[in-house]
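Chemist: Take a look at start_0.cif, mmCIF, C-alpha atoms:
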```cif
data_run
#
loop_
_atom_site.label_atom_id
_atom_site.label_comp_id
_atom_site.auth_asym_id
_atom_site.auth_seq_id
_atom_site.Cartn_x
_atom_site.Cartn_y
_atom_site.Cartn_z
CA MET A 1 59.33 44.20 -91.11
CA ALA A 2 56.35 43.48 -88.87
CA LYS A 3 58.75 43.58 -85.94
CA ALA A 4 60.17 46.93 -87.00
CA LEU A 5 56.76 48.60 -86.85
CA LYS A 6 55.85 47.44 -83.36
CA ASN A 7 55.19 51.01 -82.23
CA TYR A 8 53.10 52.56 -84.95
CA PHE A 9 51.14 55.75 -84.47
CA VAL A 10 48.72 57.59 -86.71
CA PRO A 11 48.33 61.19 -85.49
CA LYS A 12 45.31 63.17 -86.64
CA THR A 13 46.90 66.61 -86.43
CA VAL A 14 50.33 68.11 -86.97
CA GLN A 15 50.43 69.14 -83.29
CA GLU A 16 49.82 65.52 -82.29
CA ALA A 17 52.63 64.40 -84.58
CA CYS A 18 54.98 66.96 -83.00
CA SER A 19 54.07 65.81 -79.48
CA MET A 20 54.80 62.22 -80.44
CA LEU A 21 58.14 63.23 -81.95
CA SER A 22 58.99 65.13 -78.77
CA ALA A 23 57.99 62.25 -76.53
CA HIS A 24 60.09 59.71 -78.45
CA ARG A 25 62.92 62.04 -79.25
CA GLY A 26 65.52 60.44 -81.45
CA GLU A 27 63.78 57.08 -81.74
CA ALA A 28 60.89 58.00 -83.98
CA ARG A 29 60.68 58.36 -87.74
CA VAL A 30 57.93 60.04 -89.72
CA ILE A 31 56.39 58.21 -92.66
CA ALA A 32 54.00 59.57 -95.31
CA GLY A 33 54.25 58.00 -98.78
CA GLY A 34 56.80 55.50 -97.49
CA THR A 35 58.61 55.19 -100.82
CA ASP A 36 61.98 55.72 -99.14
CA LEU A 37 61.46 54.84 -95.48
CA LEU A 38 59.42 51.65 -95.95
CA ARG A 39 61.96 50.39 -98.43
CA GLN A 40 64.78 51.15 -95.98
CA ILE A 41 62.97 49.39 -93.14
CA LYS A 42 62.32 46.33 -95.31
CA CYS A 43 65.97 46.18 -96.34
CA GLY A 44 67.03 46.50 -92.71
CA GLU A 45 68.87 49.79 -93.29
CA VAL A 46 66.77 51.63 -90.73
CA LEU A 47 65.01 50.20 -87.65
CA PRO A 48 63.06 52.95 -85.92
CA GLU A 49 61.55 52.17 -82.52
CA TYR A 50 58.53 54.31 -83.30
CA VAL A 51 56.96 55.04 -86.66
CA ILE A 52 54.64 57.99 -86.96
CA ASN A 53 52.43 57.89 -90.04
CA VAL A 54 51.33 61.41 -90.88
CA ALA A 55 49.37 60.43 -94.00
CA ALA A 56 46.07 60.62 -92.13
CA ILE A 57 46.51 64.31 -91.23
CA PRO A 58 44.20 66.21 -93.57
CA ASP A 59 45.10 69.15 -95.80
CA GLN A 60 48.85 68.61 -95.97
CA ASP A 61 49.08 68.28 -99.75
CA TYR A 62 48.06 71.71 -100.96
CA ILE A 63 49.78 73.68 -103.73
CA THR A 64 48.75 77.33 -103.66
CA TYR A 65 50.04 80.18 -105.78
CA ASP A 66 49.78 83.90 -105.37
CA LYS A 67 51.63 86.23 -107.73
CA THR A 68 52.85 88.47 -104.91
CA SER A 69 53.90 85.88 -102.35
CA GLY A 70 54.73 82.95 -104.63
CA LEU A 71 54.15 79.24 -104.13
CA ARG A 72 53.30 77.37 -100.94
CA ILE A 73 53.50 73.59 -101.11
CA GLY A 74 52.25 71.41 -98.27
CA ALA A 75 54.71 68.84 -96.94
CA GLN A 76 52.68 65.93 -98.28
CA ALA A 77 52.13 67.23 -101.81
CA THR A 78 53.23 64.38 -104.05
CA ALA A 79 55.81 64.62 -106.80
CA GLY A 80 53.04 63.75 -109.25
CA SER A 81 50.76 66.54 -108.09
CA ILE A 82 53.65 69.03 -108.27
CA ALA A 83 54.57 67.87 -111.77
CA SER A 84 51.02 68.33 -113.05
CA SER A 85 50.04 71.44 -111.08
CA PRO A 86 49.10 74.28 -113.48
CA PRO A 87 50.68 77.11 -111.42
CA VAL A 88 53.89 75.12 -110.97
CA ARG A 89 54.08 74.30 -114.68
CA GLU A 90 53.42 77.88 -115.65
CA HIS A 91 55.53 79.81 -113.14
CA PHE A 92 58.08 77.30 -111.79
CA ALA A 93 58.49 74.91 -114.71
CA VAL A 94 61.95 73.79 -113.59
CA LEU A 95 60.35 72.28 -110.47
CA ALA A 96 57.56 70.60 -112.45
CA SER A 97 60.16 69.06 -114.80
CA ALA A 98 62.20 67.60 -111.97
CA ALA A 99 59.15 66.33 -110.07
CA GLY A 100 58.00 64.61 -113.26
CA ARG A 101 61.22 62.60 -113.42
CA LEU A 102 61.19 61.33 -109.84
CA GLY A 103 61.05 57.53 -109.75
CA SER A 104 58.16 56.05 -111.67
CA PRO A 105 54.50 57.02 -112.15
CA HIS A 106 53.60 54.74 -109.22
CA ILE A 107 56.22 56.32 -106.98
CA ARG A 108 55.23 59.85 -108.01
CA ARG A 109 51.72 59.23 -106.75
CA ARG A 110 53.04 58.58 -103.25
CA ALA A 111 56.42 60.31 -102.85
CA THR A 112 56.07 63.60 -100.99
CA ILE A 113 58.12 66.77 -101.29
CA ALA A 114 59.00 66.68 -97.58
CA GLY A 115 60.00 63.03 -97.83
CA ASN A 116 62.32 63.66 -100.77
CA LEU A 117 63.98 66.55 -98.93
CA CYS A 118 64.23 64.77 -95.56
CA ASN A 119 65.58 61.56 -97.09
CA ALA A 120 68.34 63.75 -98.53
CA SER A 121 69.76 61.37 -101.08
CA PRO A 122 72.67 63.00 -102.96
CA SER A 123 70.56 62.53 -106.11
CA ALA A 124 67.25 63.71 -104.61
CA GLU A 125 65.32 65.12 -107.55
CA LEU A 126 63.74 68.11 -105.91
CA TYR A 127 66.80 69.78 -104.39
CA PRO A 128 68.33 71.30 -107.56
CA PRO A 129 65.15 73.06 -108.79
CA LEU A 130 64.21 74.21 -105.29
CA MET A 131 67.70 75.60 -104.79
CA VAL A 132 67.69 77.70 -107.95
CA LEU A 133 64.18 78.92 -107.09
CA GLY A 134 65.36 80.12 -103.66
CA ALA A 135 62.96 77.86 -101.75
CA SER A 136 62.75 77.59 -97.97
CA LEU A 137 61.24 75.03 -95.63
CA LYS A 138 58.89 75.85 -92.77
CA ILE A 139 59.80 73.50 -89.94
CA ILE A 140 57.71 73.09 -86.82
CA ARG A 141 57.96 71.39 -83.46
CA ALA A 142 55.84 71.47 -80.34
CA GLY A 143 56.06 75.12 -79.26
CA GLY A 144 57.92 76.70 -82.13
CA GLU A 145 58.79 76.98 -85.76
CA ARG A 146 61.66 78.11 -87.95
CA ASP A 147 62.46 78.63 -91.61
CA VAL A 148 65.46 77.03 -93.27
CA ALA A 149 66.66 77.80 -96.80
CA VAL A 150 66.70 74.65 -98.90
CA ASP A 151 70.40 75.33 -99.65
CA ARG A 152 71.12 74.75 -95.96
CA PHE A 153 68.81 71.84 -95.27
CA ALA A 154 70.81 68.78 -96.34
CA VAL A 155 74.26 68.46 -94.78
CA ALA A 156 75.39 64.95 -95.79
CA PRO A 157 73.90 61.95 -97.58
CA GLY A 158 70.75 61.08 -95.64
CA GLN A 159 71.27 63.86 -93.11
CA THR A 160 69.52 67.17 -92.72
CA VAL A 161 69.41 69.88 -90.07
CA LEU A 162 65.98 68.63 -88.99
CA GLN A 163 66.03 67.98 -85.23
CA PRO A 164 64.48 64.73 -83.90
CA ASP A 165 61.41 66.58 -82.59
CA GLU A 166 60.78 68.60 -85.74
CA ILE A 167 58.68 68.06 -88.82
CA VAL A 168 58.65 69.81 -92.19
CA ALA A 169 55.31 71.56 -92.66
CA GLU A 170 55.63 73.46 -95.91
CA VAL A 171 57.94 74.50 -98.73
CA ARG A 172 57.80 78.11 -99.88
CA ILE A 173 59.05 79.53 -103.14
CA PRO A 174 59.15 83.28 -103.80
CA PRO A 175 57.80 84.57 -107.11
CA ALA A 176 60.26 84.10 -109.95
CA PRO A 177 61.91 87.33 -111.18
CA ALA A 178 60.56 88.95 -114.33
CA ARG A 179 62.36 87.93 -117.53
CA SER A 180 63.55 84.69 -116.00
CA ALA A 181 63.23 81.05 -116.98
CA GLY A 182 64.54 77.77 -115.65
CA ALA A 183 65.66 74.49 -117.15
CA TYR A 184 66.23 71.04 -115.70
CA LEU A 185 68.31 68.38 -117.44
CA THR A 186 69.54 65.00 -116.30
CA GLN A 187 71.67 62.17 -117.52
CA ARG A 188 70.39 58.71 -116.67
CA VAL A 189 71.15 55.14 -117.66
CA ARG A 190 67.51 54.55 -118.66
CA LYS A 191 64.92 56.84 -120.18
CA GLY A 192 62.29 55.63 -117.78
CA GLU A 193 62.49 54.85 -114.11
CA ASP A 194 66.01 55.55 -112.90
CA ILE A 195 68.03 57.66 -110.53
CA ALA A 196 70.00 60.43 -112.21
CA MET A 197 73.76 60.15 -112.49
CA VAL A 198 73.91 63.91 -113.00
CA SER A 199 71.16 66.45 -112.67
CA VAL A 200 71.31 70.17 -113.37
CA ALA A 201 68.83 72.94 -112.66
CA VAL A 202 69.36 76.53 -113.73
CA LEU A 203 67.46 79.80 -113.41
CA VAL A 204 68.42 82.52 -115.87
CA THR A 205 67.35 86.16 -115.59
CA MET A 206 68.00 88.41 -118.58
CA ASP A 207 68.23 92.18 -118.92
CA GLY A 208 68.48 92.66 -122.67
CA ASP A 209 71.57 90.74 -123.73
CA VAL A 210 73.01 90.77 -120.25
CA MET A 211 72.46 87.82 -117.96
CA SER A 212 71.51 89.81 -114.88
CA ASP A 213 71.30 86.69 -112.72
CA LEU A 214 72.18 83.04 -113.03
CA LYS A 215 71.63 80.26 -110.53
CA ILE A 216 72.97 76.77 -111.09
CA ALA A 217 72.39 73.72 -108.88
CA LEU A 218 73.88 70.28 -109.40
CA GLY A 219 72.48 66.97 -108.14
CA ALA A 220 74.02 63.51 -107.80
CA VAL A 221 77.58 64.83 -108.10
CA ALA A 222 78.36 65.67 -104.47
CA PRO A 223 77.34 64.42 -101.01
CA THR A 224 74.37 66.79 -101.25
CA ALA A 225 72.94 68.86 -104.08
CA ILE A 226 75.14 71.94 -104.46
CA ARG A 227 75.10 75.35 -106.03
CA ALA A 228 77.90 76.18 -108.46
CA PRO A 229 78.90 79.74 -107.48
CA ALA A 230 82.03 79.94 -109.63
CA ALA A 231 80.06 78.86 -112.68
CA GLU A 232 77.34 81.38 -111.85
CA ALA A 233 79.90 84.19 -111.51
CA THR A 234 81.28 83.41 -114.98
CA LEU A 235 78.12 84.69 -116.62
CA ARG A 236 76.30 86.76 -113.99
CA GLY A 237 76.13 90.43 -114.96
CA ARG A 238 77.86 89.71 -118.28
CA LYS A 239 76.70 89.83 -121.85
CA PHE A 240 76.11 86.28 -123.03
CA SER A 241 78.68 84.64 -125.32
CA GLU A 242 79.37 81.05 -126.33
CA ASP A 243 82.86 81.38 -124.92
CA LEU A 244 81.57 82.40 -121.49
CA LEU A 245 78.99 79.61 -121.64
CA GLY A 246 81.73 77.07 -122.20
CA LYS A 247 83.70 78.53 -119.28
CA ALA A 248 80.63 78.32 -117.05
CA GLY A 249 80.21 74.65 -117.91
CA GLN A 250 83.86 73.96 -117.14
CA ALA A 251 83.65 75.88 -113.88
CA ALA A 252 80.61 73.86 -112.81
CA ALA A 253 82.43 70.62 -113.67
CA ALA A 254 85.31 71.69 -111.45
CA GLU A 255 82.94 72.51 -108.58
CA ALA A 256 81.28 69.09 -108.73
CA GLN A 257 82.56 66.39 -106.37
CA PRO A 258 81.35 63.22 -108.11
CA ILE A 259 82.17 59.65 -107.16
CA ASP A 260 82.45 56.44 -109.15
CA ASP A 261 79.44 54.21 -108.63
CA VAL A 262 77.27 51.66 -110.45
CA ARG A 263 75.72 54.31 -112.63
CA ALA A 264 78.75 56.19 -113.89
CA SER A 265 82.36 57.09 -113.26
CA ALA A 266 83.31 60.34 -111.59
CA GLU A 267 85.12 61.38 -114.77
CA TYR A 268 82.04 60.90 -116.95
CA ARG A 269 79.87 62.74 -114.47
CA ARG A 270 82.22 65.71 -114.49
CA LYS A 271 82.12 65.83 -118.27
CA MET A 272 78.33 65.62 -118.28
CA VAL A 273 78.07 68.45 -115.74
CA ALA A 274 79.87 70.73 -118.22
CA VAL A 275 77.62 69.61 -121.09
CA LEU A 276 74.33 69.79 -119.20
CA VAL A 277 75.04 73.14 -117.55
CA ALA A 278 75.81 74.72 -120.92
CA ARG A 279 72.75 73.13 -122.49
CA ALA A 280 70.45 74.09 -119.63
CA VAL A 281 71.62 77.71 -119.62
CA MET A 282 71.04 77.93 -123.41
CA GLN A 283 67.60 76.37 -123.05
CA ALA A 284 66.58 78.73 -120.27
CA MET A 285 67.89 81.75 -122.18
CA GLU A 286 65.94 80.79 -125.32
CA GLN A 287 62.86 80.49 -123.16
CA VAL A 288 63.31 83.99 -121.71
CA LYS A 289 63.76 85.44 -125.20
CA SER A 290 60.68 83.71 -126.59
CA GLY A 291 58.54 84.15 -123.48
CA MET B 1 55.56 40.46 -83.60
CA GLY B 2 53.77 43.71 -82.83
CA GLU B 3 50.21 44.37 -81.90
CA GLN B 4 47.64 42.96 -84.28
CA VAL B 5 44.60 44.92 -85.39
CA GLU B 6 41.45 43.92 -87.22
CA VAL B 7 41.04 45.52 -90.60
CA THR B 8 38.41 45.08 -93.25
CA LEU B 9 39.89 44.91 -96.72
CA THR B 10 37.54 45.09 -99.66
CA VAL B 11 39.21 43.13 -102.43
CA ASN B 12 37.56 42.61 -105.82
CA GLY B 13 34.24 43.57 -104.28
CA ASP B 14 34.43 41.17 -101.33
CA ALA B 15 34.96 42.33 -97.75
CA HIS B 16 37.58 40.37 -95.82
CA GLU B 17 38.22 40.75 -92.10
CA VAL B 18 41.85 40.09 -91.34
CA ARG B 19 44.13 40.46 -88.36
CA VAL B 20 47.29 42.28 -89.39
CA SER B 21 50.18 43.92 -87.65
CA ALA B 22 51.21 47.45 -88.57
CA GLY B 23 54.25 46.26 -90.47
CA GLU B 24 52.48 43.95 -92.89
CA THR B 25 52.36 45.19 -96.45
CA LEU B 26 49.27 44.93 -98.60
CA ALA B 27 51.21 42.54 -100.85
CA ASP B 28 51.93 40.21 -97.92
CA VAL B 29 48.34 40.23 -96.73
CA LEU B 30 46.86 39.66 -100.20
CA ARG B 31 49.17 36.74 -100.90
CA GLU B 32 49.65 35.12 -97.50
CA LYS B 33 46.43 35.84 -95.66
CA LEU B 34 43.89 36.04 -98.48
CA GLY B 35 45.52 33.48 -100.76
CA LEU B 36 45.40 35.86 -103.72
CA THR B 37 48.76 35.08 -105.26
CA GLY B 38 48.01 36.77 -108.56
CA THR B 39 49.80 39.83 -107.18
CA LYS B 40 53.52 39.15 -107.57
CA VAL B 41 56.37 40.26 -105.35
CA MET B 42 59.61 40.52 -107.29
CA CYS B 43 61.94 43.29 -106.11
CA ASP B 44 59.96 43.98 -102.92
CA GLU B 45 61.42 47.50 -102.98
CA GLY B 46 58.95 49.45 -105.08
CA GLU B 47 61.06 49.56 -108.23
CA CYS B 48 59.70 46.85 -110.54
CA GLY B 49 55.92 47.38 -110.37
CA SER B 50 55.10 43.65 -110.32
CA CYS B 51 53.16 44.11 -107.09
CA THR B 52 50.87 46.78 -108.57
CA VAL B 53 47.23 46.63 -107.51
CA LEU B 54 44.53 49.28 -107.86
CA VAL B 55 43.40 51.05 -104.69
CA ASN B 56 40.34 53.21 -105.35
CA GLY B 57 41.21 52.92 -109.04
CA THR B 58 44.80 54.15 -108.68
CA PRO B 59 47.84 51.93 -109.31
CA VAL B 60 49.74 51.42 -106.09
CA LEU B 61 52.89 49.45 -105.22
CA SER B 62 51.44 46.95 -102.77
CA CYS B 63 54.90 45.98 -101.48
CA LEU B 64 55.33 49.54 -100.20
CA THR B 65 51.78 49.97 -98.91
CA LEU B 66 50.82 49.06 -95.37
CA ALA B 67 47.71 46.86 -95.15
CA VAL B 68 46.42 48.96 -92.25
CA GLU B 69 46.26 51.98 -94.55
CA CYS B 70 43.83 50.20 -96.89
CA GLN B 71 40.89 50.02 -94.48
CA GLY B 72 37.80 51.33 -96.24
CA LYS B 73 39.35 51.41 -99.71
CA ASP B 74 38.44 49.39 -102.80
CA ILE B 75 41.25 47.11 -103.86
CA LEU B 76 41.38 45.49 -107.28
CA THR B 77 43.81 42.66 -107.98
CA VAL B 78 44.33 40.72 -111.20
CA GLU B 79 41.91 38.09 -109.90
CA GLY B 80 39.19 40.70 -110.07
CA LEU B 81 39.71 41.76 -113.68
CA ALA B 82 37.49 39.20 -115.39
CA ASP B 83 33.72 39.57 -115.16
CA PRO B 84 32.71 37.94 -111.84
CA GLN B 85 29.41 36.66 -113.26
CA THR B 86 30.40 35.32 -116.66
CA GLY B 87 34.13 34.84 -116.20
CA LYS B 88 34.69 36.72 -119.45
CA LEU B 89 38.21 38.14 -119.60
CA HIS B 90 38.75 41.90 -119.51
CA PRO B 91 39.74 43.24 -122.97
CA LEU B 92 43.30 43.73 -121.68
CA GLN B 93 43.48 40.08 -120.65
CA GLN B 94 42.08 39.08 -124.04
CA THR B 95 44.64 41.04 -126.02
CA PHE B 96 47.50 39.83 -123.79
CA VAL B 97 46.43 36.26 -124.61
CA GLN B 98 45.87 36.93 -128.31
CA HIS B 99 48.99 38.99 -128.95
CA SER B 100 51.58 37.31 -126.66
CA GLY B 101 51.63 39.95 -123.96
CA MET B 102 53.13 37.44 -121.51
CA GLN B 103 56.30 35.38 -121.36
CA CYS B 104 57.17 34.36 -117.81
CA GLY B 105 54.12 36.21 -116.50
CA THR B 106 55.71 37.89 -113.47
CA CYS B 107 55.13 41.45 -114.67
CA THR B 108 51.74 40.66 -116.19
CA PRO B 109 49.34 41.33 -113.30
CA GLY B 110 51.06 44.66 -112.62
CA MET B 111 51.02 45.57 -116.32
CA LEU B 112 47.33 44.68 -116.66
CA LEU B 113 46.23 46.73 -113.68
CA THR B 114 48.39 49.75 -114.50
CA ALA B 115 47.10 49.62 -118.08
CA LYS B 116 43.52 49.32 -116.88
CA ALA B 117 43.91 52.46 -114.78
CA LEU B 118 45.34 54.25 -117.83
CA LEU B 119 42.50 53.20 -120.15
CA ASP B 120 39.89 54.04 -117.53
CA SER B 121 41.12 57.64 -117.49
CA ASN B 122 42.34 57.96 -121.10
CA ALA B 123 40.41 55.84 -123.59
CA SER B 124 42.63 56.74 -126.56
CA PRO B 125 46.20 56.93 -125.37
CA ALA B 126 49.02 57.52 -127.82
CA GLU B 127 51.76 54.91 -127.79
CA ASN B 128 54.16 57.18 -125.89
CA GLU B 129 51.46 57.74 -123.27
CA VAL B 130 51.15 53.98 -122.79
CA ARG B 131 54.93 53.68 -122.44
CA GLU B 132 55.01 56.52 -119.93
CA ALA B 133 52.18 55.06 -117.87
CA LEU B 134 53.92 51.66 -117.79
CA SER B 135 57.39 53.09 -117.16
CA GLY B 136 57.23 51.87 -113.55
CA ASN B 137 56.50 48.29 -114.60
CA LEU B 138 59.63 46.34 -115.51
CA CYS B 139 59.46 43.21 -117.68
CA ARG B 140 62.40 40.89 -117.09
CA CYS B 141 61.68 39.11 -120.36
CA GLY B 142 61.93 42.32 -122.37
CA ASN B 143 58.43 41.91 -123.85
CA TYR B 144 57.72 45.66 -123.78
CA LYS B 145 56.93 46.09 -127.46
CA ARG B 146 54.21 43.44 -127.42
CA ILE B 147 52.84 44.66 -124.11
CA VAL B 148 52.37 48.15 -125.56
CA GLN B 149 50.71 46.67 -128.66
CA CYS B 150 48.35 44.67 -126.44
CA VAL B 151 47.34 47.79 -124.51
CA MET B 152 46.71 49.74 -127.73
CA ALA B 153 44.64 46.83 -129.09
CA ALA B 154 42.63 46.64 -125.87
CA ALA B 155 41.94 50.38 -126.10
CA ASP B 156 40.52 49.84 -129.60
CA MET B 157 38.45 46.92 -128.37
CA MET B 158 37.04 48.93 -125.47
CA LYS B 159 36.15 51.84 -127.73
CA GLY B 160 34.46 49.46 -130.16
CA ALA B 161 32.43 47.96 -127.34
CA THR B 162 31.15 51.33 -126.13
CA ARG B 163 30.25 52.34 -129.68
CA ASN B 164 28.13 49.19 -129.99
#
```
In structure tokens, how does this file's structure come out?
Modeler:
Amino acid sequence: MAKALKNYFVPKTVQEACSMLSAHRGEARVIAGGTDLLRQIKCGEVLPEYVINVAAIPDQDYITYDKTSGLRIGAQATAGSIASSPPVREHFAVLASAAGRLGSPHIRRRATIAGNLCNASPSAELYPPLMVLGASLKIIRAGGERDVAVDRFAVAPGQTVLQPDEIVAEVRIPPAPARSAGAYLTQRVRKGEDIAMVSVAVLVTMDGDVMSDLKIALGAVAPTAIRAPAAEATLRGRKFSEDLLGKAGQAAAAEAQPIDDVRASAEYRRKMVAVLVARAVMQAMEQVKSG
Amino acid sequence: MGEQVEVTLTVNGDAHEVRVSAGETLADVLREKLGLTGTKVMCDEGECGSCTVLVNGTPVLSCLTLAVECQGKDILTVEGLADPQTGKLHPLQQTFVQHSGMQCGTCTPGMLLTAKALLDSNASPAENEVREALSGNLCRCGNYKRIVQCVMAAADMMKGATRN
């Protein structure tokens, strides 16, 4: 690996990082916590010509909350800090839950939100909760910036719409609607450190007995995390019933595109999507009623 | 091999000046350049926790940490756990010896250091808190139950010591 890091830079500002990315367009990779990229370099999966370590840039790990504008999370906020952050736990619990299941305690101290999103594993923990929360990424490059909805960020396993000269600066989450609650459930081989074979995040908004809005996102069962619009439509705007809940679960299972792999068969994953979606919706609904 | 830089690594209280290249991990440098082979490298991918050391008191996977990033930080390895003056074992080391916390020993340094960080911040952990804190440390011998018992016993020992 020593050879692979022959061109190693440590910018002191985001602007410096962007200039370096521009200058070495296409041949440079950004590293922060390194829990994905360093592993990939060591295993020979990735051999960047230039490695730009942004961990020395100060003030990139903030988590700030305002009840009008919502949550702003700096690119280098770690999964651990997100999982334990009081405003995230109180107002965006579905995100705190997912962040708390990422990897292991050691990994959570280093893995960053931007890294998880840019690595774009099909089972990336943070996509499903960020999708149901309507999050967007602020992306910058030398001389410009743009916002991309998290739903549109990953396009294939390991691939995002991030251009070679761009860097993720921040993740923004609007305030959650009133009378809403989320839930995050996963199925894993082990209770502890493991990658999910299925993960489900939901956000339920109630208006009396009517489910005025429902968002469902599925992880690890498609090339990227996906929303389940047909499942959402089954219940959205309708009065809740067990029958409709079952139909929503089945619809989500049909929308999933799982594969067979070491963790589980596609068939089992599909079945677990139906189970976990139904369970998560129930859990979120109970939370709205009691909250 | 890549440009080499001089870094000063403070390990177990001692400053070491070493020449490293950007791509060398802390695990490599500790073991190969400083001869401190107490830190084990098993999966070398950040999944098993055997390479855990404490950097500024926080457990870190040294196989996924670049040595150059550790300039100016305090590193504690298993070699630094016992009292440097008297050689007396840390309570965690004592309970691991007394209550069979080790079998092959590969996970042990990582377990000891992760547990030390836990007890330094939470002197009375519940058993599930110990399990959660150690959930990134895999034991290929399956000795988890005893390891947890050793950590709980060490917590008692450390509380007893501060009371006296």
Chemist: Would you write out, as a VMD selection string, every residue that the PyMOL selection byres ((chain B) within 10 of (chain A)) captures in this file?
Modeler: chain B and resid 1 to 4 20 to 25 44 to 49 52 58 to 61 63 to 66 69 114 131 to 138
Chemist: Kindly indicate which residue among A:Pro11, A:Gly26, A:Gly291, A:Gly100 lies nearest to Gly80 in chain A, using all atoms listed in the file for the distances.
Modeler: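 Nearest to Gly80 in chain A: A:Gly100.
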Chemist: Rank B:Leu26, B:Gly101, B:Arg140, B:Pro125 by their smallest atom-to-atom distance to Cys43 in chain B, using only C-alpha atoms, and report the top residue only.
Modeler: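 With only C-alpha atoms as the atom set, the closest residue is B:Arg140.
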Chemist: Enumerate, as a CSV table (one decimal) with C-alpha atoms, in the frame of the given file, the residues matched when the PyMOL selection byres ((chain A and resi 271) around 10) is run on the file above.
Modeler:
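Once everything was written out, this is expr-v7.csv:
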```csv
chain,number,residue,atom,x,y,z
A,198,VAL,CA,73.9,63.9,-113.0
A,249,GLY,CA,80.2,74.6,-117.9
A,250,GLN,CA,83.9,74.0,-117.1
A,252,ALA,CA,80.6,73.9,-112.8
A,253,ALA,CA,82.4,70.6,-113.7
A,254,ALA,CA,85.3,71.7,-111.4
A,266,ALA,CA,83.3,60.3,-111.6
A,267,GLU,CA,85.1,61.4,-114.8
A,268,TYR,CA,82.0,60.9,-117.0
A,269,ARG,CA,79.9,62.7,-114.5
A,270,ARG,CA,82.2,65.7,-114.5
A,272,MET,CA,78.3,65.6,-118.3
A,273,VAL,CA,78.1,68.4,-115.7
A,274,ALA,CA,79.9,70.7,-118.2
A,275,VAL,CA,77.6,69.6,-121.1
A,276,LEU,CA,74.3,69.8,-119.2
```
Chemist: Go through the shown structure with the PyMOL selection byres ((chain A and resi 174) around 7) and write out the matching residues as a PyMOL selection string.
Modeler: chain A and resi 69-71+134-135+172-173+175-176
Chemist: Determine, counting all atoms listed in the file, which protein, DNA and RNA residues have an atom within 10 Å of an atom of Glu145 in chain A; residues of the same chain fewer than 4 positions away are not included. Present the result as a list in words.
Modeler: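 My reading of the contact set: Lys138, Ile139, Ile140, Arg141, Glu166, Ile167, Val168 and Ala169 of chain A.
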Chemist: Could you tell me how far CA of Gln159 in chain A lies from CA of Ala120 in chain A, in Å and to one decimal?
Modeler: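 Computing the Euclidean distance for CA of Gln159 in chain A and CA of Ala120 in chain A yields 6.2 Å.
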Chemist: What is the CA of Cys107 in chain B-CA of Ile195 in chain A distance in Å, reported with one decimal?
Modeler: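 Going from CA of Cys107 in chain B over to CA of Ile195 in chain A, I get 21.1 Å.
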Chemist: If we count only C-alpha atoms, what is near range 92-94 of chain A at a cut-off of 8 Å, once residues fewer than 5 positions away on the same chain are taken out, given as a PDB file with C-alpha atoms, in the frame of the given file?
Modeler:
```pdb
ATOM      1  CA  PRO A  87      50.680  77.110-111.420  1.00  0.00           C
ATOM      2  CA  PRO A 129      65.150  73.060-108.790  1.00  0.00           C
ATOM      3  CA  LEU A 133      64.180  78.920-107.090  1.00  0.00           C
ATOM      4  CA  ALA A 176      60.260  84.100-109.950  1.00  0.00           C
ATOM      5  CA  GLY A 182      64.540  77.770-115.650  1.00  0.00           C
ATOM      6  CA  ALA A 183      65.660  74.490-117.150  1.00  0.00           C
ATOM      7  CA  TYR A 184      66.230  71.040-115.700  1.00  0.00           C
ATOM      8  CA  ALA A 201      68.830  72.940-112.660  1.00  0.00           C
ATOM      9  CA  VAL A 202      69.360  76.530-113.730  1.00  0.00           C
TER      10      VAL A 202
END
```
Chemist: Only N, CA, C and O atoms needed: put range 148-153 of chain A from the block into a file as a PDB file, in the first residue's frame.
Modeler:
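The resulting file, decode.pdb, is reproduced below:
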```
ATOM      1  N   VAL A 148     -27.841  18.206  -4.512  1.00  0.00           N
ATOM      2  CA  VAL A 148     -28.374  16.988  -5.113  1.00  0.00           C
ATOM      3  C   VAL A 148     -29.184  16.257  -4.058  1.00  0.00           C
ATOM      4  O   VAL A 148     -28.701  16.038  -2.947  1.00  0.00           O
ATOM      5  N   ALA A 149     -30.418  15.873  -4.401  1.00  0.00           N
ATOM      6  CA  ALA A 149     -31.228  15.091  -3.465  1.00  0.00           C
ATOM      7  C   ALA A 149     -30.565  13.738  -3.259  1.00  0.00           C
ATOM      8  O   ALA A 149     -30.024  13.146  -4.203  1.00  0.00           O
ATOM      9  N   VAL A 150     -30.603  13.243  -2.042  1.00  0.00           N
ATOM     10  CA  VAL A 150     -29.929  11.976  -1.752  1.00  0.00           C
ATOM     11  C   VAL A 150     -30.500  10.835  -2.598  1.00  0.00           C
ATOM     12  O   VAL A 150     -29.786   9.905  -2.962  1.00  0.00           O
ATOM     13  N   ASP A 151     -31.806  10.936  -2.955  1.00  0.00           N
ATOM     14  CA  ASP A 151     -32.429   9.923  -3.818  1.00  0.00           C
ATOM     15  C   ASP A 151     -31.724   9.803  -5.155  1.00  0.00           C
ATOM     16  O   ASP A 151     -31.788   8.769  -5.806  1.00  0.00           O
ATOM     17  N   ARG A 152     -31.082  10.905  -5.594  1.00  0.00           N
ATOM     18  CA  ARG A 152     -30.470  10.919  -6.931  1.00  0.00           C
ATOM     19  C   ARG A 152     -28.951  10.797  -6.888  1.00  0.00           C
ATOM     20  O   ARG A 152     -28.304  10.925  -7.922  1.00  0.00           O
ATOM     21  N   PHE A 153     -28.397  10.589  -5.696  1.00  0.00           N
ATOM     22  CA  PHE A 153     -26.939  10.676  -5.604  1.00  0.00           C
ATOM     23  C   PHE A 153     -26.241   9.409  -6.086  1.00  0.00           C
ATOM     24  O   PHE A 153     -25.339   9.446  -6.893  1.00  0.00           O
TER      25      PHE A 153
END
```
